[in-house]
file work.csv (CSV, C-alpha atoms)
chain,number,residue,atom,x,y,z
A,1,MET,CA,-14.4,-16.9,43.3
A,2,THR,CA,-17.7,-18.6,43.9
A,3,PRO,CA,-20.9,-17.2,42.3
A,4,ARG,CA,-22.1,-16.4,45.8
A,5,GLN,CA,-19.1,-14.3,46.7
A,6,ARG,CA,-19.3,-12.6,43.3
A,7,LEU,CA,-23.0,-11.7,43.9
A,8,VAL,CA,-22.2,-10.3,47.4
A,9,LEU,CA,-19.3,-8.2,45.9
A,10,PHE,CA,-21.7,-7.0,43.2
A,11,GLY,CA,-24.3,-6.1,45.8
A,12,VAL,CA,-21.8,-3.9,47.7
A,13,ALA,CA,-20.5,-2.3,44.5
A,14,ILE,CA,-23.9,-1.6,43.0
A,15,ALA,CA,-25.1,0.0,46.3
A,16,GLY,CA,-22.1,2.3,46.2
A,17,LEU,CA,-22.7,3.1,42.6
A,18,ALA,CA,-26.4,3.8,43.2
A,19,ALA,CA,-25.5,6.2,46.0
A,20,CYS,CA,-23.1,8.1,43.7
A,21,TYR,CA,-25.7,8.1,41.0
A,22,LEU,CA,-28.4,9.6,43.2
A,23,TRP,CA,-26.0,12.2,44.5
A,24,ALA,CA,-25.1,13.2,40.9
A,25,PHE,CA,-28.7,13.1,39.7
A,26,ALA,CA,-29.8,15.4,42.6
A,27,GLY,CA,-27.4,18.0,41.1
A,28,LEU,CA,-28.7,17.8,37.6
A,29,PRO,CA,-31.3,20.3,36.3
A,30,GLY,CA,-34.7,18.6,36.3
A,31,PHE,CA,-36.0,16.7,33.3
A,32,GLY,CA,-37.1,19.1,30.6
A,33,ARG,CA,-35.1,22.1,32.0
A,34,TYR,CA,-31.9,21.7,30.0
A,35,PRO,CA,-29.8,24.8,30.4
A,36,GLY,CA,-26.9,23.9,28.1
A,37,PRO,CA,-25.6,26.7,25.9
A,38,TYR,CA,-24.7,24.7,22.8
A,39,GLY,CA,-28.2,23.7,21.7
A,40,PRO,CA,-29.8,27.2,21.6
A,41,ALA,CA,-26.5,28.6,20.0
A,42,ILE,CA,-26.6,26.1,17.2
A,43,LEU,CA,-30.4,26.3,16.7
A,44,SER,CA,-30.3,30.1,16.3
A,45,ARG,CA,-27.5,30.0,13.7
A,46,VAL,CA,-27.8,26.8,11.8
A,47,ILE,CA,-30.1,28.0,9.0
A,48,ALA,CA,-28.0,31.1,8.3
A,49,GLN,CA,-24.7,29.2,8.4
A,50,THR,CA,-25.5,25.9,6.7
A,51,ASN,CA,-29.1,26.1,5.3
A,52,ALA,CA,-29.6,22.6,6.8
A,53,THR,CA,-33.0,21.9,8.5
A,54,GLY,CA,-31.8,18.6,9.9
A,55,VAL,CA,-29.9,20.1,12.8
A,56,VAL,CA,-28.6,16.8,14.2
A,57,SER,CA,-26.9,16.1,10.9
A,58,ALA,CA,-25.6,19.7,10.8
A,59,VAL,CA,-24.0,19.1,14.2
A,60,ASN,CA,-22.6,15.7,13.2
A,61,PHE,CA,-21.2,16.5,9.8
A,62,ASP,CA,-20.4,20.2,10.2
A,63,TYR,CA,-20.1,21.7,13.7
A,64,ARG,CA,-18.7,18.5,15.2
A,65,GLY,CA,-17.4,17.1,11.9
A,66,PHE,CA,-13.9,16.5,13.3
A,67,ASP,CA,-15.3,14.1,15.9
A,68,THR,CA,-17.5,12.3,13.4
A,69,VAL,CA,-14.4,11.5,11.4
A,70,GLY,CA,-13.2,9.6,14.5
A,71,GLU,CA,-16.6,8.0,14.9
A,72,GLU,CA,-16.5,6.8,11.4
A,73,PHE,CA,-13.0,5.3,11.9
A,74,ILE,CA,-14.2,3.5,15.0
A,75,LEU,CA,-16.5,1.5,12.7
A,76,PHE,CA,-13.7,1.1,10.2
A,77,THR,CA,-11.3,-0.2,12.9
A,78,ALA,CA,-14.0,-2.6,14.2
A,79,ALA,CA,-14.5,-4.1,10.8
A,80,ALA,CA,-10.7,-4.4,10.3
A,81,GLY,CA,-10.4,-5.9,13.8
A,82,MET,CA,-13.0,-8.5,13.1
A,83,ALA,CA,-11.2,-9.5,9.9
A,84,VAL,CA,-8.1,-10.1,12.0
A,85,VAL,CA,-9.7,-11.9,14.9
A,86,LEU,CA,-11.8,-14.1,12.6
A,87,ARG,CA,-9.0,-15.0,10.2
A,88,ARG,CA,-8.5,-18.6,9.3
A,89,LEU,CA,-6.4,-20.1,12.1
A,90,ARG,CA,-3.9,-22.9,11.9
A,91,GLY,CA,-5.7,-26.2,11.5
A,92,GLU,CA,-8.8,-24.7,10.0
A,93,ARG,CA,-9.9,-25.0,6.4
A,94,GLU,CA,-12.5,-23.1,4.5
A,95,ARG,CA,-15.0,-25.4,2.8
A,96,SER,CA,-16.7,-24.4,-0.4
A,97,PRO,CA,-20.0,-22.6,-0.1
A,98,VAL,CA,-21.4,-25.1,-2.5
A,99,ASP,CA,-22.9,-28.1,-0.7
A,100,GLU,CA,-20.3,-30.9,-0.8
A,101,ALA,CA,-22.8,-33.7,-0.8
A,102,ARG,CA,-24.6,-33.0,-4.0
A,103,ASP,CA,-27.4,-35.5,-3.6
A,104,ARG,CA,-28.4,-34.3,-0.2
A,105,ALA,CA,-32.0,-33.1,-0.1
A,106,LEU,CA,-31.9,-29.8,1.9
A,107,PRO,CA,-35.2,-28.3,3.0
A,108,PRO,CA,-35.7,-25.2,0.8
A,109,THR,CA,-36.0,-21.8,2.5
A,110,SER,CA,-39.6,-21.5,3.7
A,111,GLY,CA,-41.8,-19.4,1.5
A,112,ALA,CA,-42.9,-17.4,4.6
A,113,VAL,CA,-39.3,-16.2,4.9
A,114,ARG,CA,-38.4,-16.0,1.2
A,115,MET,CA,-41.4,-13.9,-0.1
A,116,PRO,CA,-41.2,-11.1,2.5
A,117,ALA,CA,-37.4,-11.0,2.2
A,118,LEU,CA,-37.6,-10.7,-1.6
A,119,LEU,CA,-40.4,-8.1,-1.5
A,120,LEU,CA,-38.6,-6.0,1.1
A,121,THR,CA,-35.2,-6.0,-0.5
A,122,GLY,CA,-36.0,-3.3,-3.1
A,123,PRO,CA,-37.9,-0.9,-0.8
A,124,ILE,CA,-35.1,-1.2,1.8
A,125,VAL,CA,-32.4,-0.3,-0.7
A,126,LEU,CA,-34.5,2.7,-1.7
A,127,ILE,CA,-35.1,3.8,2.0
A,128,GLY,CA,-31.4,3.3,2.7
A,129,TRP,CA,-30.3,5.6,-0.1
A,130,TRP,CA,-33.1,8.1,0.8
A,131,LEU,CA,-31.8,8.2,4.4
A,132,ALA,CA,-28.2,8.5,3.4
A,133,SER,CA,-28.9,11.4,0.9
A,134,HIS,CA,-31.3,13.4,3.0
A,135,ALA,CA,-29.2,14.1,6.1
A,136,GLN,CA,-29.5,17.8,5.6
A,137,THR,CA,-33.3,17.9,5.7
A,138,ASN,CA,-34.8,15.0,7.6
A,139,PRO,CA,-34.1,12.8,10.6
A,140,SER,CA,-31.6,10.7,8.7
A,141,GLY,CA,-28.0,10.6,7.6
A,142,GLY,CA,-25.2,8.4,6.5
A,143,PHE,CA,-25.0,6.3,9.6
A,144,GLN,CA,-28.7,5.3,9.6
A,145,GLY,CA,-28.9,5.0,5.8
A,146,GLY,CA,-25.8,2.8,5.7
A,147,VAL,CA,-27.2,0.3,8.3
A,148,VAL,CA,-30.5,0.1,6.4
A,149,LEU,CA,-28.7,-0.5,3.1
A,150,ALA,CA,-26.7,-3.3,4.8
A,151,THR,CA,-30.0,-5.0,5.9
A,152,ALA,CA,-31.0,-5.3,2.2
A,153,PHE,CA,-28.0,-7.6,1.8
A,154,VAL,CA,-28.9,-9.7,4.9
A,155,LEU,CA,-32.4,-10.1,3.4
A,156,VAL,CA,-30.8,-11.5,0.2
A,157,TYR,CA,-29.0,-14.0,2.4
A,158,LEU,CA,-32.2,-14.9,4.2
A,159,SER,CA,-34.1,-15.5,1.0
A,160,GLY,CA,-31.4,-17.4,-0.8
A,161,GLU,CA,-28.1,-18.8,0.4
A,162,PHE,CA,-24.7,-17.6,1.4
A,163,LEU,CA,-23.4,-18.0,-2.1
A,164,THR,CA,-25.9,-15.4,-3.4
A,165,PHE,CA,-24.9,-13.1,-0.6
A,166,ARG,CA,-21.2,-13.4,-1.5
A,167,ARG,CA,-21.9,-13.0,-5.2
A,168,ILE,CA,-23.7,-9.6,-4.8
A,169,SER,CA,-21.2,-8.4,-2.2
A,170,PRO,CA,-17.7,-9.6,-3.1
A,171,VAL,CA,-15.2,-8.8,-0.3
A,172,ALA,CA,-12.8,-6.9,-2.6
A,173,VAL,CA,-15.6,-4.6,-3.7
A,174,LEU,CA,-16.7,-4.0,-0.1
A,175,ASP,CA,-13.2,-3.3,1.0
A,176,ALA,CA,-12.9,-0.7,-1.8
A,177,VAL,CA,-16.3,0.9,-1.0
A,178,GLU,CA,-15.4,1.1,2.7
A,179,ALA,CA,-12.1,2.7,1.9
A,180,VAL,CA,-13.6,5.2,-0.5
A,181,GLY,CA,-16.3,6.1,2.2
A,182,ALA,CA,-13.7,6.6,4.9
A,183,ALA,CA,-11.2,8.5,2.8
A,184,GLY,CA,-14.0,10.6,1.1
A,185,PHE,CA,-14.9,12.1,4.4
A,186,VAL,CA,-11.3,13.1,5.2
A,187,ALA,CA,-10.8,14.3,1.6
A,188,VAL,CA,-13.8,16.6,1.9
A,189,GLY,CA,-12.1,18.1,5.0
A,190,LEU,CA,-8.7,18.4,3.4
A,191,THR,CA,-10.1,20.1,0.3
A,192,ALA,CA,-11.3,22.8,2.6
A,193,VAL,CA,-7.7,23.2,3.9
A,194,ALA,CA,-6.4,23.3,0.3
A,195,LEU,CA,-8.9,26.1,-0.5
A,196,GLY,CA,-7.6,28.1,2.5
A,197,PHE,CA,-10.4,27.4,4.9
A,198,PRO,CA,-10.3,25.5,8.3
A,199,TYR,CA,-10.5,21.7,8.1
A,200,LEU,CA,-14.0,20.5,7.2
A,201,TYR,CA,-15.2,24.0,6.5
A,202,ASP,CA,-18.5,24.0,4.5
A,203,TYR,CA,-17.1,25.4,1.3
A,204,LEU,CA,-19.8,24.2,-1.2
A,205,PRO,CA,-22.7,26.5,-2.2
A,206,LEU,CA,-25.4,26.3,0.5
A,207,GLY,CA,-28.3,26.4,-1.9
A,208,GLN,CA,-31.1,28.9,-2.0
A,209,VAL,CA,-33.9,27.4,0.2
A,210,PRO,CA,-33.3,25.8,3.6
A,211,GLY,CA,-34.6,22.3,3.6
A,212,ALA,CA,-34.0,21.7,-0.1
A,213,VAL,CA,-32.1,18.5,-0.9
A,214,SER,CA,-29.5,20.6,-2.8
A,215,SER,CA,-28.9,22.8,0.3
A,216,SER,CA,-26.3,22.6,3.0
A,217,GLY,CA,-23.1,22.1,0.9
A,218,THR,CA,-20.6,19.6,2.4
A,219,ILE,CA,-23.1,18.1,4.9
A,220,ALA,CA,-24.9,16.1,2.2
A,221,LEU,CA,-21.6,15.1,0.6
A,222,ILE,CA,-20.1,13.9,3.8
A,223,SER,CA,-23.3,12.0,4.7
A,224,PHE,CA,-23.1,10.2,1.4
A,225,PHE,CA,-19.5,9.1,2.0
A,226,VAL,CA,-20.5,8.0,5.6
A,227,GLY,CA,-23.4,6.0,4.1
A,228,LEU,CA,-21.0,4.1,1.8
A,229,GLU,CA,-18.6,3.4,4.6
A,230,VAL,CA,-21.2,2.3,7.1
A,231,ALA,CA,-23.0,0.0,4.6
A,232,ALA,CA,-19.8,-1.6,3.5
A,233,ALA,CA,-18.5,-2.0,7.1
A,234,PHE,CA,-21.7,-3.7,8.2
A,235,ILE,CA,-21.9,-6.1,5.3
A,236,LEU,CA,-18.3,-7.0,5.9
A,237,ILE,CA,-19.0,-7.6,9.6
A,238,ILE,CA,-22.1,-9.7,8.9
A,239,GLY,CA,-20.2,-11.6,6.1
A,240,GLU,CA,-17.3,-12.4,8.5
A,241,LEU,CA,-19.7,-13.9,11.1
A,242,LEU,CA,-21.7,-15.9,8.5
A,243,GLU,CA,-18.4,-17.2,7.1
A,244,GLN,CA,-17.5,-18.5,10.5
A,245,THR,CA,-20.7,-20.4,10.9
A,246,LEU,CA,-21.1,-21.6,7.4
A,247,LEU,CA,-17.6,-22.1,5.8
A,248,VAL,CA,-14.8,-22.4,8.3
A,249,ARG,CA,-14.3,-26.0,9.6
A,250,SER,CA,-11.6,-27.3,11.9
A,251,GLY,CA,-9.3,-30.1,10.6
B,1,MET,CA,-41.2,13.4,38.0
B,2,GLN,CA,-38.1,15.7,37.8
B,3,ILE,CA,-35.6,12.9,38.2
B,4,PHE,CA,-37.7,9.9,37.1
B,5,PRO,CA,-35.9,9.5,33.7
B,6,PHE,CA,-32.6,9.5,35.5
B,7,LEU,CA,-33.8,6.8,37.9
B,8,VAL,CA,-34.8,4.7,34.8
B,9,VAL,CA,-31.1,5.2,33.7
B,10,ALA,CA,-29.8,4.0,37.0
B,11,TRP,CA,-32.2,1.0,36.9
B,12,ILE,CA,-31.0,0.0,33.4
B,13,VAL,CA,-27.4,0.2,34.4
B,14,ALA,CA,-28.0,-1.9,37.5
B,15,VAL,CA,-30.0,-4.6,35.7
B,16,GLY,CA,-27.4,-4.8,32.9
B,17,LEU,CA,-24.5,-5.1,35.4
B,18,TYR,CA,-26.4,-7.8,37.3
B,19,GLY,CA,-26.7,-9.7,34.1
B,20,VAL,CA,-23.0,-9.2,33.3
B,21,VAL,CA,-21.9,-10.5,36.7
B,22,THR,CA,-24.2,-13.5,36.9
B,23,SER,CA,-24.1,-14.5,33.2
B,24,ARG,CA,-23.2,-18.1,32.3
B,25,ASP,CA,-22.9,-17.5,28.6
B,26,LEU,CA,-20.6,-15.1,26.7
B,27,ILE,CA,-23.3,-14.2,24.1
B,28,HIS,CA,-25.8,-13.5,27.0
B,29,GLN,CA,-23.1,-11.4,28.7
B,30,ILE,CA,-22.5,-9.3,25.6
B,31,VAL,CA,-26.3,-8.7,25.4
B,32,CYS,CA,-26.2,-7.6,29.0
B,33,LEU,CA,-23.4,-5.2,28.2
B,34,ILE,CA,-25.6,-3.7,25.4
B,35,VAL,CA,-28.3,-3.2,28.0
B,36,VAL,CA,-25.8,-1.3,30.2
B,37,GLN,CA,-24.8,0.8,27.3
B,38,SER,CA,-28.4,1.5,26.2
B,39,SER,CA,-28.9,3.4,29.5
B,40,THR,CA,-26.7,6.2,28.0
B,41,TYR,CA,-29.3,6.8,25.3
B,42,VAL,CA,-32.0,7.4,27.9
B,43,LEU,CA,-29.5,9.6,29.9
B,44,LEU,CA,-28.5,11.7,26.8
B,45,LEU,CA,-32.1,12.1,25.6
B,46,GLY,CA,-33.3,12.8,29.2
B,47,VAL,CA,-30.6,15.5,29.7
B,48,GLY,CA,-31.3,17.2,26.4
B,49,TYR,CA,-35.1,17.3,26.6
B,50,VAL,CA,-36.7,20.6,26.9
B,51,THR,CA,-40.4,20.7,28.1
B,52,GLY,CA,-42.7,21.6,25.3
B,53,ALA,CA,-40.0,21.8,22.7
B,54,VAL,CA,-40.1,20.2,19.2
B,55,ALA,CA,-37.6,17.9,17.5
B,56,PRO,CA,-34.6,19.8,16.1
B,57,TYR,CA,-35.8,19.7,12.5
B,58,LEU,CA,-36.5,23.3,11.5
B,59,TYR,CA,-38.9,22.6,8.7
B,60,ASP,CA,-42.5,23.7,8.6
B,61,ILE,CA,-42.4,25.0,12.1
B,62,PRO,CA,-43.1,28.6,13.1
B,63,PRO,CA,-39.9,30.7,13.7
B,64,HIS,CA,-38.6,30.9,17.3
B,65,THR,CA,-40.3,27.6,18.3
B,66,ARG,CA,-38.1,26.0,21.0
B,67,ALA,CA,-36.4,22.8,19.8
B,68,VAL,CA,-34.6,20.2,22.0
B,69,ASP,CA,-30.8,20.2,22.1
B,70,PRO,CA,-29.4,18.8,18.8
B,71,ALA,CA,-25.9,18.5,20.2
B,72,VAL,CA,-27.0,15.9,22.7
B,73,GLN,CA,-29.0,14.0,20.1
B,74,ALA,CA,-25.9,13.9,17.9
B,75,LEU,CA,-24.0,12.4,20.8
B,76,ALA,CA,-26.6,9.7,21.1
B,77,LEU,CA,-25.9,8.8,17.4
B,78,THR,CA,-22.2,8.5,18.1
B,79,ASP,CA,-23.2,6.3,21.1
B,80,VAL,CA,-25.1,3.9,18.8
B,81,VAL,CA,-22.3,3.6,16.3
B,82,VAL,CA,-19.7,2.8,19.1
B,83,GLU,CA,-22.1,0.2,20.5
B,84,ALA,CA,-22.4,-1.5,17.2
B,85,ALA,CA,-18.7,-1.6,16.7
B,86,VAL,CA,-18.0,-2.8,20.2
B,87,THR,CA,-20.7,-5.5,19.9
B,88,ALA,CA,-19.3,-6.8,16.6
B,89,LEU,CA,-15.8,-7.1,18.0
B,90,LEU,CA,-17.0,-8.8,21.2
B,91,LEU,CA,-19.0,-11.3,19.2
B,92,SER,CA,-16.0,-12.2,17.1
B,93,PHE,CA,-14.0,-12.8,20.4
B,94,ALA,CA,-16.8,-15.0,21.6
B,95,VAL,CA,-16.6,-17.0,18.3
B,96,GLN,CA,-12.9,-17.5,18.8
B,97,ALA,CA,-13.2,-18.4,22.5
B,98,HIS,CA,-15.7,-21.1,21.6
B,99,LYS,CA,-13.5,-22.4,18.9
B,100,ARG,CA,-10.4,-22.6,21.2
B,101,PHE,CA,-12.0,-23.8,24.4
B,102,GLY,CA,-15.3,-25.4,23.3
B,103,THR,CA,-17.3,-23.5,25.9
B,104,LEU,CA,-19.0,-20.1,26.2
B,105,ASP,CA,-19.3,-20.2,30.0
B,106,PRO,CA,-17.2,-17.3,31.5
B,107,HIS,CA,-16.7,-19.3,34.7
B,108,GLU,CA,-15.2,-22.3,32.7
B,109,LEU,CA,-13.2,-19.9,30.4
B,110,ALA,CA,-11.7,-18.3,33.5
B,111,SER,CA,-9.9,-21.6,34.4
B,112,PHE,CA,-8.2,-21.7,31.0
B,113,LYS,CA,-4.8,-20.0,30.5
B,114,GLY,CA,-3.5,-18.4,27.3

call {"tool": "encode", "arguments": {"input": "work.csv", "output": "structure tokens"}}
result
Amino acid sequence: MTPRQRLVLFGVAIAGLAACYLWAFAGLPGFGRYPGPYGPAILSRVIAQTNATGVVSAVNFDYRGFDTVGEEFILFTAAAGMAVVLRRLRGERERSPVDEARDRALPPTSGAVRMPALLLTGPIVLIGWWLASHAQTNPSGGFQGGVVLATAFVLVYLSGEFLTFRRISPVAVLDAVEAVGAAGFVAVGLTAVALGFPYLYDYLPLGQVPGAVSSSGTIALISFFVGLEVAAAFILIIGELLEQTLLVRSG
Amino acid sequence: MQIFPFLVVAWIVAVGLYGVVTSRDLIHQIVCLIVVQSSTYVLLLGVGYVTGAVAPYLYDIPPHTRAVDPAVQALALTDVVVEAAVTALLLSFAVQAHKRFGTLDPHELASFKG
């Protein structure tokens, strides 16, 4: 198919799609007039049922916790899939992360990259943990916190070299952390079953004050496990891609 | 004004699909797919918004203040995670395609078999 034919076909298809879209949008309630029943139902009960003020986290890790297990495993599967797709193929060898030509004068990382990266690493670890451990109170949670934590490791790579990145994040440790994060979520749910409650029932004490860090029972615990899983998965994914560009050579 | 956010959604889908169709580079094509997907964030937030309502964080706000729908916002979060996972996998396929065939042009790749 020539690019021109392709573009004509695209034009016809997108015109049809646009017509369907406009038809569908005309039937939607107007912007700002959402009539859905779930939002108000959750908002009116969430404090009494969970003591969590971060309602999005309460939905993710409690009301809709079963779906979030699946969501977490999507990321788990993606990291595993990348490890399979980016395995060392026949005819490829992995070279050592240490420069093979020892007398080569490599330009050092620019100070303009190095200094901000070093300065930001500590605060970013702190923000990541803060986000992962405050799902119950603030706009945060394990998914966001995990990604922010992973960026701290990328900053270490930026300010140093791949060897440093690998040294502070060995694949064996990352695999273990990812497995603990993924299994921890499921274990919290199964513990509820063992105690005679429905799967993922919030069986921990809910705390006295809504909005306190110690409130909301299992929501905070699950968010912590999700944070571990997401951080480890992202560092693994980034490490896989860096390995491909830096270490794997054909022949 | 009533359907303006939804028109923005349609526009983002169309622009992203145009990029996917005309792209001459797999990485660029993946980025275009991300553009298509990002329309769903606008759609979800547009659907869940309630005029005059606050964010669904029930801290330091007077009781019975209307908040926007938290269920839709939670869906947007799921959306972001799925996008990240899909993007990572697609990028790794692009790396392998480049290794095997020495090109990232989808038109050239289409002529290879196996």

call {"tool": "interface_residues", "arguments": {"input": "work.csv", "of": "chain B", "to": "chain A", "cutoff": "7 Å", "atoms": "all atoms listed in the file", "output": "list in words"}}
result
Gln2, Ile3, Phe6, Ala14, Gly46, Val47, Gly48, Tyr49, Val50, Thr51, Pro56, Tyr57, Leu58, Tyr59, Asp69, Pro70, Ala71, Gln73, Ala74, Thr78, Val82, Ala85, Leu89 and Ser92 of chain B

call {"tool": "write_last_selection", "arguments": {"input": "work.csv", "atoms": "C-alpha atoms", "output": "CSV table (one decimal), in the frame of the given file"}}
result
chain,number,residue,atom,x,y,z
B,2,GLN,CA,-38.1,15.7,37.8
B,3,ILE,CA,-35.6,12.9,38.2
B,6,PHE,CA,-32.6,9.5,35.5
B,14,ALA,CA,-28.0,-1.9,37.5
B,46,GLY,CA,-33.3,12.8,29.2
B,47,VAL,CA,-30.6,15.5,29.7
B,48,GLY,CA,-31.3,17.2,26.4
B,49,TYR,CA,-35.1,17.3,26.6
B,50,VAL,CA,-36.7,20.6,26.9
B,51,THR,CA,-40.4,20.7,28.1
B,56,PRO,CA,-34.6,19.8,16.1
B,57,TYR,CA,-35.8,19.7,12.5
B,58,LEU,CA,-36.5,23.3,11.5
B,59,TYR,CA,-38.9,22.6,8.7
B,69,ASP,CA,-30.8,20.2,22.1
B,70,PRO,CA,-29.4,18.8,18.8
B,71,ALA,CA,-25.9,18.5,20.2
B,73,GLN,CA,-29.0,14.0,20.1
B,74,ALA,CA,-25.9,13.9,17.9
B,78,THR,CA,-22.2,8.5,18.1
B,82,VAL,CA,-19.7,2.8,19.1
B,85,ALA,CA,-18.7,-1.6,16.7
B,89,LEU,CA,-15.8,-7.1,18.0
B,92,SER,CA,-16.0,-12.2,17.1

call {"tool": "residues_around", "arguments": {"input": "work.csv", "residues": "Ala53 in chain B", "least_positions_apart": "3", "cutoff": "7 Å", "atoms": "only C-alpha atoms", "output": "number ranges by chain"}}
result
B: 50, 66-68

call {"tool": "residues_around", "arguments": {"input": "work.csv", "residues": "Leu104 in chain B", "least_positions_apart": "6", "cutoff": "9 Å", "atoms": "only C-alpha atoms", "output": "PyMOL selection string"}}
result
chain B and resi 24-27+94-95+97-98

call {"tool": "atom_distance", "arguments": {"input": "work.csv", "atom1": "CA of Tyr41 in chain B", "atom2": "CA of Asp79 in chain B"}}
result
7.4 Å

call {"tool": "closest_residue", "arguments": {"input": "work.csv", "among": "A:Glu243, A:Asp202, A:Glu178, A:Glu94", "to": "Gly227 in chain A", "atoms": "all atoms listed in the file"}}
result
A:Glu178

call {"tool": "atom_distance", "arguments": {"input": "work.csv", "atom1": "CA of Gly128 in chain A", "atom2": "CA of Ala150 in chain A"}}
result
8.4 Å

call {"tool": "atom_distance", "arguments": {"input": "work.csv", "atom1": "CA of Val226 in chain A", "atom2": "CA of Val125 in chain A"}}
result
15.8 Å

call {"tool": "build_atoms", "arguments": {"input": "work.csv", "residues": "range 7-24 of chain B", "atoms": "N, CA and C atoms", "output": "JSON list (two decimals), in the frame of the given file"}}
result
[["chain", "number", "residue", "atom", "x", "y", "z"],
["B", 7, "LEU", "N", -33.72, 8.03, 37.14],
["B", 7, "LEU", "CA", -33.80, 6.80, 37.90],
["B", 7, "LEU", "C", -33.95, 5.61, 36.96],
["B", 8, "VAL", "N", -34.66, 5.80, 35.84],
["B", 8, "VAL", "CA", -34.80, 4.70, 34.80],
["B", 8, "VAL", "C", -33.35, 4.38, 34.35],
["B", 9, "VAL", "N", -32.52, 5.42, 34.10],
["B", 9, "VAL", "CA", -31.10, 5.20, 33.70],
["B", 9, "VAL", "C", -30.40, 4.33, 34.68],
["B", 10, "ALA", "N", -30.50, 4.72, 35.96],
["B", 10, "ALA", "CA", -29.80, 4.00, 37.00],
["B", 10, "ALA", "C", -30.27, 2.53, 37.04],
["B", 11, "TRP", "N", -31.58, 2.34, 36.88],
["B", 11, "TRP", "CA", -32.20, 1.00, 36.90],
["B", 11, "TRP", "C", -31.61, 0.14, 35.75],
["B", 12, "ILE", "N", -31.54, 0.73, 34.54],
["B", 12, "ILE", "CA", -31.00, 0.00, 33.40],
["B", 12, "ILE", "C", -29.59, -0.43, 33.61],
["B", 13, "VAL", "N", -28.78, 0.51, 34.16],
["B", 13, "VAL", "CA", -27.40, 0.20, 34.40],
["B", 13, "VAL", "C", -27.29, -0.98, 35.42],
["B", 14, "ALA", "N", -28.09, -0.90, 36.50],
["B", 14, "ALA", "CA", -28.00, -1.90, 37.50],
["B", 14, "ALA", "C", -28.43, -3.29, 36.99],
["B", 15, "VAL", "N", -29.54, -3.32, 36.25],
["B", 15, "VAL", "CA", -30.00, -4.60, 35.70],
["B", 15, "VAL", "C", -29.00, -5.19, 34.75],
["B", 16, "GLY", "N", -28.43, -4.33, 33.88],
["B", 16, "GLY", "CA", -27.40, -4.80, 32.90],
["B", 16, "GLY", "C", -26.21, -5.35, 33.62],
["B", 17, "LEU", "N", -25.72, -4.62, 34.66],
["B", 17, "LEU", "CA", -24.50, -5.10, 35.40],
["B", 17, "LEU", "C", -24.79, -6.39, 36.09],
["B", 18, "TYR", "N", -26.00, -6.52, 36.67],
["B", 18, "TYR", "CA", -26.40, -7.80, 37.30],
["B", 18, "TYR", "C", -26.25, -8.93, 36.33],
["B", 19, "GLY", "N", -26.75, -8.68, 35.11],
["B", 19, "GLY", "CA", -26.70, -9.70, 34.10],
["B", 19, "GLY", "C", -25.23, -10.03, 33.72],
["B", 20, "VAL", "N", -24.37, -9.00, 33.61],
["B", 20, "VAL", "CA", -23.00, -9.20, 33.30],
["B", 20, "VAL", "C", -22.30, -10.09, 34.34],
["B", 21, "VAL", "N", -22.61, -9.78, 35.62],
["B", 21, "VAL", "CA", -21.90, -10.50, 36.70],
["B", 21, "VAL", "C", -22.40, -11.93, 36.81],
["B", 22, "THR", "N", -23.70, -12.18, 36.63],
["B", 22, "THR", "CA", -24.20, -13.50, 36.90],
["B", 22, "THR", "C", -24.28, -14.38, 35.62],
["B", 23, "SER", "N", -23.92, -13.82, 34.46],
["B", 23, "SER", "CA", -24.10, -14.50, 33.20],
["B", 23, "SER", "C", -23.31, -15.83, 33.14],
["B", 24, "ARG", "N", -23.89, -16.87, 32.53],
["B", 24, "ARG", "CA", -23.20, -18.10, 32.30],
["B", 24, "ARG", "C", -22.91, -18.39, 30.86]]
